[in-house]
Amino acid sequence: MQDIQILWADDEIDLLKPHIMFLEAKGYGVTTVNNGLDAVDYVKTNSYDLVFLDENMPGIGGLDALSQIKELREDLPVIMITKSEEEHIMEDAIGSKIEDYLIKPVNPKQILLSIKKAIDNKRLVTQKVTTKYQQEFRNIMMALMEKLDFETWKSLYKKLVYYELEIQRSNETGMEEVLHTQKSEMNREFVKYIEKNYLDFLDYDNSDAPVMSHTLMNKKIVPEMGDDPVFLILIDNLRFDQWRFLQPIISELFRVEDEDMYLSILPTTTQYCRNSLFAGLLPIDIENRFPGKWSNDEDEGGKNLHEQFFLEDLLKRLRVDAKTSYTKVVHLNQGKDLVDDIPNLFQNDFNVIVYNFVDTLSHARTDYKVMRELAEDEAAYRSLTLSWFEHSPLYDALKRIAEKKAKVIITTDHGSVKVSDPVKVIGDKKTTTNLRYKTGKNLAFDKKEVFEIKDPKNAGLPVQHISSNFVFCRNNDFFVYPNNLNHYAKYYKDTIQHGGISIEEMMVPLIKLRSK
């Protein structure tokens with residue numbers, strides 16, 4: 001406390017002597033001046049942690065002094081004190097990034113509270129977050145020992161993401177390892193939950209199954225169609241924690257009406273999940289219904305070339321009579337075209353926008369050294385996603401949508417996970433290259449280390465060969481081949497991947513927004 005130095009500028013500073021004595025008794029150092037020019041000069045030549053600034057002083061007024069102080073020390077917290085309650089003065093002060101605004105007469109406890117808000121706020125918040133998470137840690141661990149349904153899994157995952165982001169914002173490094181350990185334990189239990197229930201969940205008629213990729217449109221999207229235009233925005237590979245990082249700025253434009261999740265099918269890759277989402281069918285049923293439009297892993301060419309066709313077919317099957325549009329954005333110019341086209345899209349009942357950047361970002365993090373350095377850990381990866389979004393055409397498009405009455409649904413096809421532990425697998429040249437799942441003939445692996453689906457048809461997956469099966473990585477594992485194992489294990493360690501089983505890949509955001 002002795003190190004906290006305060007500069008107090010007020011032309012009636014002698015009348016504030018009791019307040020100053022009160023603060024000094026609390027351990028704060030207080031320097032006083034009686035005009036704005038002196039306040040600016042003192043900031044030039046001394047180091048302060050906080051400035052109290054009277055709005056109405058001779059010479060230069062408080063607002064002018066505030067502007068000059070911020071030019072010198074933009075990070076210096078300033079608390080404005082004034083006799084005036086005029087709104088324009090308050091707005092000018094707030095616009096100049098003051099820390100607090102007090103109306104005279106003020107009492108010592110008001111002053112002390114403002115100091116704590118300005119200087120001690122981060123420390124107090126950090127202490128509170130740490131204490132709350134320490135209390136919640138045991139509750140989460142106890143819950144993981146119970147038999148959980150999907151609704152409870154959603155609740156636990158939301159809770160963990162909340163504390164993960166709060167701990168990140170508070171820079172409380174001591175709790176990061178504890179949370180990482182708990183997330184790993186949650187993933188181990190989630191894998192058991194998936195392995196036990198997954199095949200039963202795939203039954204179209206299973207009323208107890210969670211909403212999944214192949215039932216999302218029917219159960220959650222189509223019922224939202226009504227009077228106002230609906231915009232379904234699918235951001236490829238958007239995790240729930242990334243959504244929570246974007247939420248504050250999106251909430252400035254829209255009211256969040258529902259923050260939900262659904263369960264992605266396996267493999268958690270665009271090829272399977274997104275086609276299934278738009279077709280309202282499992283992959284094997286897409287192949288059977290449209291044999292010329294489904295591509296297996298070993299086939300050449302793009303794997304997501306017919307999404308619009310699948311969507312139109314699904315809407316016909318559901319007897320949805322709506323004017324629709326489909327827009328896919330894979331590069332910047334397409335994003336700019338989307339922004340320009342938003343007014344025209346309001347003529348439609350239902351607009352689908354697929355935005356591919358986040359998936360590209362995760363792959364770039366693997367392929368390029370500079371991207372690995374920019375997104376060194378999960379916190380940096382989230383921050384990079386936010387930075388992209390704030391400067392993206394997608395954000396501009398949402399601003400334009402928010403200008404009129406509309407429903408917006410933000411979702412994704414799958415998430416991703418940071419991998420760390422290599423698992424050996426052996427296959428032929430036609431075995432899939434994905435690091436989180438493999439399919440092919442005569443795969444060799446340790447059965448204890450993977451989730452195996454011996455008959456792909458049972459999981460709604462196409463059968464490429466009579467002896468084909470699928471194997472999936474769990475938790476933070478990734479597949480490597482025995483040849484040159486050490487090189488690839490080191491190269492892919494700590495990269496962002498998807499295709500397997502983890503809570504981050506399979507439990508993905510489904511957010512309903514409405515224009516304010």
# chains A, B, ... in the order shown; residues from 1 in each chain; ligands from 1
$ residues_around --residues "stretch 377-383 of chain A" --least-positions-apart "5" --cutoff "8 Å" --atoms "only C-alpha atoms" --output "list in words"
Gln168, Asp241, Gln242, Phe245 and Lys418 of chain A
$ residues_around --residues "A:Asp421" --least-positions-apart "3" --cutoff "9 Å" --atoms "only C-alpha atoms" --output "NGL selection string"
:A and (476-479 or 489 or 493-494)
$ write_last_selection --atoms "N, CA and C atoms" --output "PDB file, in the first residue's frame"
ATOM      1  N   ASN A 476      -6.176 -35.795 -25.675  1.00  0.00           N
ATOM      2  CA  ASN A 476      -5.181 -34.971 -26.366  1.00  0.00           C
ATOM      3  C   ASN A 476      -4.209 -35.804 -27.197  1.00  0.00           C
ATOM      4  N   ASP A 477      -4.600 -37.024 -27.550  1.00  0.00           N
ATOM      5  CA  ASP A 477      -3.716 -37.897 -28.330  1.00  0.00           C
ATOM      6  C   ASP A 477      -3.727 -37.510 -29.810  1.00  0.00           C
ATOM      7  N   PHE A 478      -2.692 -37.946 -30.530  1.00  0.00           N
ATOM      8  CA  PHE A 478      -2.674 -37.816 -31.985  1.00  0.00           C
ATOM      9  C   PHE A 478      -1.897 -38.984 -32.567  1.00  0.00           C
ATOM     10  N   PHE A 479      -2.288 -39.388 -33.784  1.00  0.00           N
ATOM     11  CA  PHE A 479      -1.695 -40.559 -34.429  1.00  0.00           C
ATOM     12  C   PHE A 479      -0.366 -40.220 -35.103  1.00  0.00           C
ATOM     13  N   ALA A 489       6.252 -36.825 -33.943  1.00  0.00           N
ATOM     14  CA  ALA A 489       5.712 -36.619 -32.597  1.00  0.00           C
ATOM     15  C   ALA A 489       6.090 -35.225 -32.088  1.00  0.00           C
ATOM     16  N   LYS A 493       3.267 -32.093 -31.823  1.00  0.00           N
ATOM     17  CA  LYS A 493       2.954 -31.856 -30.407  1.00  0.00           C
ATOM     18  C   LYS A 493       2.546 -30.399 -30.198  1.00  0.00           C
ATOM     19  N   ASP A 494       1.485 -30.181 -29.438  1.00  0.00           N
ATOM     20  CA  ASP A 494       0.970 -28.845 -29.101  1.00  0.00           C
ATOM     21  C   ASP A 494       0.363 -28.109 -30.288  1.00  0.00           C
TER      22      ASP A 494
END
$ select_by_dssp --residues "stretch 35-256 of chain A" --states "strand (DSSP E or B)" --output "list of chain:residue names"
A:Leu50, A:Val51, A:Phe52, A:Leu53, A:Asp54, A:Val78, A:Ile79, A:Met80, A:Ile81, A:Thr82, A:Asp100, A:Tyr101, A:Leu102, A:Ile103, A:Met212, A:Val230, A:Phe231, A:Leu232, A:Ile233, A:Leu234, A:Ile235, A:Phe254, A:Arg255, A:Val256
$ residues_around --residues "A:Ser392" --least-positions-apart "2" --cutoff "12 Å" --atoms "only C-alpha atoms" --output "PDB file with all heavy atoms, in the first residue's frame"
ATOM      1  N   VAL A 329     -17.892 -18.305 -47.613  1.00  0.00           N
ATOM      2  CA  VAL A 329     -16.788 -17.348 -47.636  1.00  0.00           C
ATOM      3  C   VAL A 329     -15.501 -18.083 -47.296  1.00  0.00           C
ATOM      4  O   VAL A 329     -15.353 -18.618 -46.196  1.00  0.00           O
ATOM      5  CB  VAL A 329     -17.025 -16.205 -46.628  1.00  0.00           C
ATOM      6  CG1 VAL A 329     -15.824 -15.259 -46.598  1.00  0.00           C
ATOM      7  CG2 VAL A 329     -18.296 -15.447 -46.968  1.00  0.00           C
ATOM      8  N   HIS A 331     -12.372 -16.612 -48.726  1.00  0.00           N
ATOM      9  CA  HIS A 331     -11.287 -15.626 -48.820  1.00  0.00           C
ATOM     10  C   HIS A 331     -11.857 -14.218 -48.638  1.00  0.00           C
ATOM     11  O   HIS A 331     -13.083 -14.006 -48.628  1.00  0.00           O
ATOM     12  CB  HIS A 331     -10.493 -15.759 -50.121  1.00  0.00           C
ATOM     13  CG  HIS A 331     -11.300 -15.630 -51.380  1.00  0.00           C
ATOM     14  ND1 HIS A 331     -11.886 -14.455 -51.770  1.00  0.00           N
ATOM     15  CD2 HIS A 331     -11.623 -16.553 -52.329  1.00  0.00           C
ATOM     16  CE1 HIS A 331     -12.514 -14.642 -52.926  1.00  0.00           C
ATOM     17  NE2 HIS A 331     -12.388 -15.901 -53.270  1.00  0.00           N
ATOM     18  N   LEU A 332     -10.976 -13.248 -48.487  1.00  0.00           N
ATOM     19  CA  LEU A 332     -11.340 -11.903 -48.066  1.00  0.00           C
ATOM     20  C   LEU A 332     -12.334 -11.235 -49.003  1.00  0.00           C
ATOM     21  O   LEU A 332     -13.305 -10.613 -48.557  1.00  0.00           O
ATOM     22  CB  LEU A 332     -10.072 -11.044 -47.937  1.00  0.00           C
ATOM     23  CG  LEU A 332     -10.269  -9.611 -47.421  1.00  0.00           C
ATOM     24  CD1 LEU A 332     -10.858  -9.622 -46.012  1.00  0.00           C
ATOM     25  CD2 LEU A 332      -8.951  -8.858 -47.447  1.00  0.00           C
ATOM     26  N   ASN A 333     -12.132 -11.340 -50.304  1.00  0.00           N
ATOM     27  CA  ASN A 333     -13.016 -10.663 -51.245  1.00  0.00           C
ATOM     28  C   ASN A 333     -14.445 -11.189 -51.161  1.00  0.00           C
ATOM     29  O   ASN A 333     -15.409 -10.425 -51.308  1.00  0.00           O
ATOM     30  CB  ASN A 333     -12.483 -10.797 -52.676  1.00  0.00           C
ATOM     31  CG  ASN A 333     -11.247  -9.931 -52.899  1.00  0.00           C
ATOM     32  OD1 ASN A 333     -11.053  -8.932 -52.206  1.00  0.00           O
ATOM     33  ND2 ASN A 333     -10.409 -10.302 -53.852  1.00  0.00           N
ATOM     34  N   GLN A 334     -14.585 -12.496 -50.925  1.00  0.00           N
ATOM     35  CA  GLN A 334     -15.924 -13.047 -50.751  1.00  0.00           C
ATOM     36  C   GLN A 334     -16.578 -12.477 -49.490  1.00  0.00           C
ATOM     37  O   GLN A 334     -17.785 -12.242 -49.458  1.00  0.00           O
ATOM     38  CB  GLN A 334     -15.865 -14.572 -50.659  1.00  0.00           C
ATOM     39  CG  GLN A 334     -15.520 -15.239 -51.981  1.00  0.00           C
ATOM     40  CD  GLN A 334     -15.357 -16.748 -51.840  1.00  0.00           C
ATOM     41  OE1 GLN A 334     -14.961 -17.245 -50.780  1.00  0.00           O
ATOM     42  NE2 GLN A 334     -15.652 -17.476 -52.901  1.00  0.00           N
ATOM     43  N   GLY A 335     -15.763 -12.251 -48.450  1.00  0.00           N
ATOM     44  CA  GLY A 335     -16.283 -11.635 -47.233  1.00  0.00           C
ATOM     45  C   GLY A 335     -16.770 -10.217 -47.485  1.00  0.00           C
ATOM     46  O   GLY A 335     -17.827  -9.811 -46.987  1.00  0.00           O
ATOM     47  N   LYS A 336     -16.020  -9.442 -48.260  1.00  0.00           N
ATOM     48  CA  LYS A 336     -16.427  -8.082 -48.589  1.00  0.00           C
ATOM     49  C   LYS A 336     -17.702  -8.078 -49.431  1.00  0.00           C
ATOM     50  O   LYS A 336     -18.587  -7.220 -49.239  1.00  0.00           O
ATOM     51  CB  LYS A 336     -15.293  -7.363 -49.324  1.00  0.00           C
ATOM     52  CG  LYS A 336     -14.065  -7.111 -48.455  1.00  0.00           C
ATOM     53  CD  LYS A 336     -12.953  -6.424 -49.238  1.00  0.00           C
ATOM     54  CE  LYS A 336     -11.743  -6.139 -48.353  1.00  0.00           C
ATOM     55  NZ  LYS A 336     -10.644  -5.510 -49.124  1.00  0.00           N
ATOM     56  N   LEU A 338     -20.004 -10.295 -49.254  1.00  0.00           N
ATOM     57  CA  LEU A 338     -21.084 -10.636 -48.329  1.00  0.00           C
ATOM     58  C   LEU A 338     -21.610  -9.387 -47.628  1.00  0.00           C
ATOM     59  O   LEU A 338     -22.829  -9.200 -47.517  1.00  0.00           O
ATOM     60  CB  LEU A 338     -20.587 -11.646 -47.294  1.00  0.00           C
ATOM     61  CG  LEU A 338     -21.504 -11.889 -46.086  1.00  0.00           C
ATOM     62  CD1 LEU A 338     -22.808 -12.547 -46.532  1.00  0.00           C
ATOM     63  CD2 LEU A 338     -20.801 -12.743 -45.029  1.00  0.00           C
ATOM     64  N   VAL A 339     -20.713  -8.546 -47.145  1.00  0.00           N
ATOM     65  CA  VAL A 339     -21.129  -7.314 -46.454  1.00  0.00           C
ATOM     66  C   VAL A 339     -22.013  -6.471 -47.362  1.00  0.00           C
ATOM     67  O   VAL A 339     -23.070  -5.973 -46.953  1.00  0.00           O
ATOM     68  CB  VAL A 339     -19.896  -6.508 -45.988  1.00  0.00           C
ATOM     69  CG1 VAL A 339     -20.328  -5.194 -45.351  1.00  0.00           C
ATOM     70  CG2 VAL A 339     -19.061  -7.322 -45.007  1.00  0.00           C
ATOM     71  N   TYR A 355     -18.587 -19.547 -42.994  1.00  0.00           N
ATOM     72  CA  TYR A 355     -17.364 -18.748 -42.922  1.00  0.00           C
ATOM     73  C   TYR A 355     -16.216 -19.639 -42.475  1.00  0.00           C
ATOM     74  O   TYR A 355     -16.249 -20.217 -41.397  1.00  0.00           O
ATOM     75  CB  TYR A 355     -17.546 -17.587 -41.937  1.00  0.00           C
ATOM     76  CG  TYR A 355     -16.897 -16.307 -42.400  1.00  0.00           C
ATOM     77  CD1 TYR A 355     -17.629 -15.313 -43.028  1.00  0.00           C
ATOM     78  CD2 TYR A 355     -15.533 -16.101 -42.227  1.00  0.00           C
ATOM     79  CE1 TYR A 355     -17.018 -14.132 -43.458  1.00  0.00           C
ATOM     80  CE2 TYR A 355     -14.927 -14.935 -42.654  1.00  0.00           C
ATOM     81  CZ  TYR A 355     -15.673 -13.949 -43.274  1.00  0.00           C
ATOM     82  OH  TYR A 355     -15.075 -12.799 -43.710  1.00  0.00           O
ATOM     83  N   ASN A 356     -15.178 -19.726 -43.308  1.00  0.00           N
ATOM     84  CA  ASN A 356     -14.157 -20.764 -43.121  1.00  0.00           C
ATOM     85  C   ASN A 356     -12.896 -20.343 -42.380  1.00  0.00           C
ATOM     86  O   ASN A 356     -12.000 -21.141 -42.217  1.00  0.00           O
ATOM     87  CB  ASN A 356     -13.733 -21.325 -44.488  1.00  0.00           C
ATOM     88  CG  ASN A 356     -14.561 -22.527 -44.888  1.00  0.00           C
ATOM     89  OD1 ASN A 356     -15.469 -22.920 -44.170  1.00  0.00           O
ATOM     90  ND2 ASN A 356     -14.270 -23.089 -46.039  1.00  0.00           N
ATOM     91  N   PHE A 357     -12.793 -19.096 -41.894  1.00  0.00           N
ATOM     92  CA  PHE A 357     -11.486 -18.614 -41.453  1.00  0.00           C
ATOM     93  C   PHE A 357     -10.913 -19.343 -40.244  1.00  0.00           C
ATOM     94  O   PHE A 357      -9.712 -19.633 -40.201  1.00  0.00           O
ATOM     95  CB  PHE A 357     -11.541 -17.124 -41.138  1.00  0.00           C
ATOM     96  CG  PHE A 357     -10.203 -16.566 -40.723  1.00  0.00           C
ATOM     97  CD1 PHE A 357      -9.281 -16.190 -41.681  1.00  0.00           C
ATOM     98  CD2 PHE A 357      -9.848 -16.459 -39.394  1.00  0.00           C
ATOM     99  CE1 PHE A 357      -8.034 -15.704 -41.314  1.00  0.00           C
ATOM    100  CE2 PHE A 357      -8.609 -15.975 -39.015  1.00  0.00           C
ATOM    101  CZ  PHE A 357      -7.706 -15.593 -39.979  1.00  0.00           C
ATOM    102  N   VAL A 358     -11.714 -19.640 -39.219  1.00  0.00           N
ATOM    103  CA  VAL A 358     -11.155 -20.203 -37.983  1.00  0.00           C
ATOM    104  C   VAL A 358     -10.496 -21.554 -38.244  1.00  0.00           C
ATOM    105  O   VAL A 358      -9.454 -21.870 -37.677  1.00  0.00           O
ATOM    106  CB  VAL A 358     -12.241 -20.311 -36.893  1.00  0.00           C
ATOM    107  CG1 VAL A 358     -11.675 -20.963 -35.640  1.00  0.00           C
ATOM    108  CG2 VAL A 358     -12.781 -18.925 -36.557  1.00  0.00           C
ATOM    109  N   THR A 385      -8.081 -15.371 -32.458  1.00  0.00           N
ATOM    110  CA  THR A 385      -9.400 -15.497 -33.063  1.00  0.00           C
ATOM    111  C   THR A 385     -10.196 -14.211 -32.890  1.00  0.00           C
ATOM    112  O   THR A 385     -10.856 -13.730 -33.824  1.00  0.00           O
ATOM    113  CB  THR A 385     -10.177 -16.674 -32.429  1.00  0.00           C
ATOM    114  OG1 THR A 385      -9.408 -17.873 -32.566  1.00  0.00           O
ATOM    115  CG2 THR A 385     -11.526 -16.865 -33.102  1.00  0.00           C
ATOM    116  N   LEU A 386     -10.133 -13.622 -31.687  1.00  0.00           N
ATOM    117  CA  LEU A 386     -10.833 -12.372 -31.428  1.00  0.00           C
ATOM    118  C   LEU A 386     -10.288 -11.244 -32.295  1.00  0.00           C
ATOM    119  O   LEU A 386     -11.056 -10.453 -32.864  1.00  0.00           O
ATOM    120  CB  LEU A 386     -10.705 -12.010 -29.948  1.00  0.00           C
ATOM    121  CG  LEU A 386     -11.294 -10.660 -29.529  1.00  0.00           C
ATOM    122  CD1 LEU A 386     -12.791 -10.606 -29.799  1.00  0.00           C
ATOM    123  CD2 LEU A 386     -11.006 -10.378 -28.055  1.00  0.00           C
ATOM    124  N   SER A 387      -8.970 -11.166 -32.403  1.00  0.00           N
ATOM    125  CA  SER A 387      -8.349 -10.113 -33.208  1.00  0.00           C
ATOM    126  C   SER A 387      -8.778 -10.237 -34.665  1.00  0.00           C
ATOM    127  O   SER A 387      -9.098  -9.235 -35.318  1.00  0.00           O
ATOM    128  CB  SER A 387      -6.824 -10.199 -33.097  1.00  0.00           C
ATOM    129  OG  SER A 387      -6.211  -9.207 -33.885  1.00  0.00           O
ATOM    130  N   TRP A 388      -8.789 -11.482 -35.178  1.00  0.00           N
ATOM    131  CA  TRP A 388      -9.277 -11.681 -36.553  1.00  0.00           C
ATOM    132  C   TRP A 388     -10.715 -11.194 -36.690  1.00  0.00           C
ATOM    133  O   TRP A 388     -11.048 -10.437 -37.610  1.00  0.00           O
ATOM    134  CB  TRP A 388      -9.203 -13.167 -36.936  1.00  0.00           C
ATOM    135  CG  TRP A 388     -10.179 -13.463 -38.046  1.00  0.00           C
ATOM    136  CD1 TRP A 388     -10.059 -13.120 -39.368  1.00  0.00           C
ATOM    137  CD2 TRP A 388     -11.465 -14.082 -37.908  1.00  0.00           C
ATOM    138  NE1 TRP A 388     -11.188 -13.493 -40.054  1.00  0.00           N
ATOM    139  CE2 TRP A 388     -12.062 -14.081 -39.193  1.00  0.00           C
ATOM    140  CE3 TRP A 388     -12.163 -14.634 -36.831  1.00  0.00           C
ATOM    141  CZ2 TRP A 388     -13.332 -14.623 -39.411  1.00  0.00           C
ATOM    142  CZ3 TRP A 388     -13.424 -15.173 -37.054  1.00  0.00           C
ATOM    143  CH2 TRP A 388     -13.993 -15.163 -38.331  1.00  0.00           C
ATOM    144  N   PHE A 389     -11.569 -11.621 -35.761  1.00  0.00           N
ATOM    145  CA  PHE A 389     -12.993 -11.322 -35.876  1.00  0.00           C
ATOM    146  C   PHE A 389     -13.250  -9.817 -35.869  1.00  0.00           C
ATOM    147  O   PHE A 389     -14.056  -9.307 -36.660  1.00  0.00           O
ATOM    148  CB  PHE A 389     -13.758 -12.000 -34.734  1.00  0.00           C
ATOM    149  CG  PHE A 389     -15.233 -11.710 -34.764  1.00  0.00           C
ATOM    150  CD1 PHE A 389     -16.067 -12.367 -35.659  1.00  0.00           C
ATOM    151  CD2 PHE A 389     -15.790 -10.766 -33.908  1.00  0.00           C
ATOM    152  CE1 PHE A 389     -17.423 -12.086 -35.705  1.00  0.00           C
ATOM    153  CE2 PHE A 389     -17.141 -10.489 -33.943  1.00  0.00           C
ATOM    154  CZ  PHE A 389     -17.964 -11.158 -34.846  1.00  0.00           C
ATOM    155  N   GLU A 390     -12.571  -9.095 -34.997  1.00  0.00           N
ATOM    156  CA  GLU A 390     -12.798  -7.651 -34.873  1.00  0.00           C
ATOM    157  C   GLU A 390     -12.465  -6.902 -36.159  1.00  0.00           C
ATOM    158  O   GLU A 390     -12.979  -5.799 -36.387  1.00  0.00           O
ATOM    159  CB  GLU A 390     -11.965  -7.085 -33.723  1.00  0.00           C
ATOM    160  CG  GLU A 390     -12.482  -7.471 -32.350  1.00  0.00           C
ATOM    161  CD  GLU A 390     -11.621  -6.900 -31.241  1.00  0.00           C
ATOM    162  OE1 GLU A 390     -10.383  -7.055 -31.327  1.00  0.00           O
ATOM    163  OE2 GLU A 390     -12.169  -6.298 -30.302  1.00  0.00           O
ATOM    164  N   LEU A 394     -16.850 -10.518 -41.576  1.00  0.00           N
ATOM    165  CA  LEU A 394     -17.944 -11.156 -40.857  1.00  0.00           C
ATOM    166  C   LEU A 394     -18.502 -10.223 -39.781  1.00  0.00           C
ATOM    167  O   LEU A 394     -19.732 -10.119 -39.596  1.00  0.00           O
ATOM    168  CB  LEU A 394     -17.482 -12.475 -40.230  1.00  0.00           C
ATOM    169  CG  LEU A 394     -18.537 -13.225 -39.396  1.00  0.00           C
ATOM    170  CD1 LEU A 394     -19.771 -13.531 -40.226  1.00  0.00           C
ATOM    171  CD2 LEU A 394     -17.947 -14.498 -38.815  1.00  0.00           C
ATOM    172  N   TYR A 395     -17.632  -9.548 -39.051  1.00  0.00           N
ATOM    173  CA  TYR A 395     -18.072  -8.591 -38.036  1.00  0.00           C
ATOM    174  C   TYR A 395     -18.850  -7.449 -38.689  1.00  0.00           C
ATOM    175  O   TYR A 395     -19.901  -7.023 -38.194  1.00  0.00           O
ATOM    176  CB  TYR A 395     -16.852  -8.068 -37.271  1.00  0.00           C
ATOM    177  CG  TYR A 395     -17.164  -7.194 -36.077  1.00  0.00           C
ATOM    178  CD1 TYR A 395     -18.369  -7.309 -35.377  1.00  0.00           C
ATOM    179  CD2 TYR A 395     -16.240  -6.248 -35.631  1.00  0.00           C
ATOM    180  CE1 TYR A 395     -18.636  -6.499 -34.268  1.00  0.00           C
ATOM    181  CE2 TYR A 395     -16.501  -5.448 -34.524  1.00  0.00           C
ATOM    182  CZ  TYR A 395     -17.693  -5.577 -33.854  1.00  0.00           C
ATOM    183  OH  TYR A 395     -17.970  -4.782 -32.767  1.00  0.00           O
ATOM    184  N   ASP A 396     -18.352  -6.971 -39.828  1.00  0.00           N
ATOM    185  CA  ASP A 396     -19.056  -5.910 -40.556  1.00  0.00           C
ATOM    186  C   ASP A 396     -20.425  -6.392 -41.029  1.00  0.00           C
ATOM    187  O   ASP A 396     -21.408  -5.636 -40.992  1.00  0.00           O
ATOM    188  CB  ASP A 396     -18.219  -5.445 -41.751  1.00  0.00           C
ATOM    189  CG  ASP A 396     -16.930  -4.748 -41.336  1.00  0.00           C
ATOM    190  OD1 ASP A 396     -16.913  -4.165 -40.230  1.00  0.00           O
ATOM    191  OD2 ASP A 396     -15.952  -4.803 -42.098  1.00  0.00           O
ATOM    192  N   ALA A 397     -20.490  -7.649 -41.468  1.00  0.00           N
ATOM    193  CA  ALA A 397     -21.773  -8.209 -41.910  1.00  0.00           C
ATOM    194  C   ALA A 397     -22.760  -8.274 -40.747  1.00  0.00           C
ATOM    195  O   ALA A 397     -23.946  -7.947 -40.894  1.00  0.00           O
ATOM    196  CB  ALA A 397     -21.558  -9.593 -42.509  1.00  0.00           C
ATOM    197  N   LEU A 398     -22.282  -8.694 -39.570  1.00  0.00           N
ATOM    198  CA  LEU A 398     -23.159  -8.759 -38.399  1.00  0.00           C
ATOM    199  C   LEU A 398     -23.649  -7.367 -38.003  1.00  0.00           C
ATOM    200  O   LEU A 398     -24.801  -7.202 -37.574  1.00  0.00           O
ATOM    201  CB  LEU A 398     -22.421  -9.412 -37.237  1.00  0.00           C
ATOM    202  CG  LEU A 398     -22.279 -10.936 -37.318  1.00  0.00           C
ATOM    203  CD1 LEU A 398     -21.307 -11.444 -36.264  1.00  0.00           C
ATOM    204  CD2 LEU A 398     -23.633 -11.615 -37.152  1.00  0.00           C
ATOM    205  N   LYS A 399     -22.794  -6.362 -38.140  1.00  0.00           N
ATOM    206  CA  LYS A 399     -23.229  -4.995 -37.851  1.00  0.00           C
ATOM    207  C   LYS A 399     -24.385  -4.592 -38.754  1.00  0.00           C
ATOM    208  O   LYS A 399     -25.350  -3.956 -38.309  1.00  0.00           O
ATOM    209  CB  LYS A 399     -22.058  -4.020 -38.032  1.00  0.00           C
ATOM    210  CG  LYS A 399     -20.963  -4.136 -36.987  1.00  0.00           C
ATOM    211  CD  LYS A 399     -19.812  -3.184 -37.323  1.00  0.00           C
ATOM    212  CE  LYS A 399     -18.663  -3.332 -36.350  1.00  0.00           C
ATOM    213  NZ  LYS A 399     -17.503  -2.486 -36.731  1.00  0.00           N
TER     214      LYS A 399
END
$ closest_residue --among "A:Thr270, A:Leu199, A:Val425, A:Gly62" --to "A:Asp455" --atoms "only C-alpha atoms"
A:Leu199
$ residues_around --residues "A:Asp41" --least-positions-apart "4" --cutoff "12 Å" --atoms "only C-alpha atoms" --output "list in words"
Leu7, Ala9, Val33, Asn35, Gly36, Leu37, Thr45, Asn46, Ser47, Ala65, Gln68, Ile69 and Leu72 of chain A
$ select_by_dssp --residues "stretch 151-367 of chain A" --states "helix (DSSP H, G or I)" --output "ChimeraX atom specification"
/A:151-170,173-201,213-224,240-250,270-279,283-289,307-317,332-345,357-367
$ closest_residue --among "A:Thr432, A:Thr181, A:Ser251, A:Asn458" --to "A:Asp285" --atoms "only C-alpha atoms"
A:Asn458
$ closest_residue --among "A:Lys183, A:Lys438, A:Lys512, A:Arg169" --to "A:Lys454" --atoms "only C-alpha atoms"
A:Lys438
$ residues_around --residues "A:Asn442" --least-positions-apart "3" --cutoff "12 Å" --atoms "only C-alpha atoms" --output "list of chain:residue names"
A:Val425, A:Ile426, A:Gly427, A:Asp428, A:Lys429, A:Lys430, A:Thr431, A:Lys438, A:Thr439, A:Phe445, A:Lys454, A:His465, A:Ile466, A:Ser467, A:Ser468, A:Asn469, A:Phe470, A:Val471
$ residues_around --residues "stretch 256-262 of chain A" --least-positions-apart "3" --cutoff "10 Å" --atoms "only C-alpha atoms" --output "PyMOL selection string"
chain A and resi 150-151+154-155+158+210-213+215-216+220+240+243-244+247+250-253+265+407-414+506-516
$ write_last_selection --atoms "C-alpha atoms" --output "short mmCIF file (atom, residue, chain, number, x, y, z; two decimals), in the first residue's frame"
data_model
loop_
_atom_site.label_atom_id
_atom_site.label_comp_id
_atom_site.auth_asym_id
_atom_site.auth_seq_id
_atom_site.Cartn_x
_atom_site.Cartn_y
_atom_site.Cartn_z
CA PHE A 150 -25.84 -34.51 -22.00
CA GLU A 151 -27.49 -31.54 -20.29
CA LYS A 154 -23.10 -28.96 -21.12
CA SER A 155 -23.43 -27.34 -17.71
CA LYS A 158 -19.74 -24.13 -19.59
CA PRO A 210 -28.78 -35.12 -27.75
CA VAL A 211 -29.15 -32.90 -30.79
CA MET A 212 -26.39 -33.95 -33.19
CA SER A 213 -25.05 -32.90 -36.57
CA THR A 215 -30.61 -33.69 -36.44
CA LEU A 216 -29.56 -30.06 -35.86
CA LYS A 220 -33.10 -26.53 -33.77
CA PHE A 240 -17.28 -22.90 -27.28
CA TRP A 243 -17.50 -18.11 -28.81
CA ARG A 244 -17.30 -16.91 -25.19
CA GLN A 247 -19.50 -12.83 -27.04
CA ILE A 250 -21.34 -9.55 -30.44
CA SER A 251 -23.58 -8.75 -27.46
CA GLU A 252 -23.17 -5.06 -28.28
CA LEU A 253 -25.10 -5.76 -31.48
CA ILE A 265 -20.78 -36.63 -35.03
CA LYS A 407 -32.76 -13.74 -35.90
CA VAL A 408 -29.14 -14.87 -36.04
CA ILE A 409 -27.95 -18.36 -35.18
CA ILE A 410 -24.20 -18.80 -34.77
CA THR A 411 -22.89 -22.35 -34.77
CA THR A 412 -20.19 -24.56 -36.23
CA ASP A 413 -19.64 -28.07 -37.56
CA HIS A 414 -16.96 -29.22 -35.08
CA MET A 506 -17.65 -32.61 -30.02
CA MET A 507 -19.54 -30.16 -27.78
CA VAL A 508 -19.91 -27.16 -30.01
CA PRO A 509 -21.74 -23.82 -29.67
CA LEU A 510 -25.30 -23.18 -30.83
CA ILE A 511 -26.10 -19.54 -30.15
CA LYS A 512 -29.40 -17.77 -30.85
CA LEU A 513 -29.31 -13.99 -31.20
CA ARG A 514 -31.88 -11.32 -31.98
CA SER A 515 -31.37 -7.75 -33.14
CA LYS A 516 -31.73 -5.23 -30.32
#
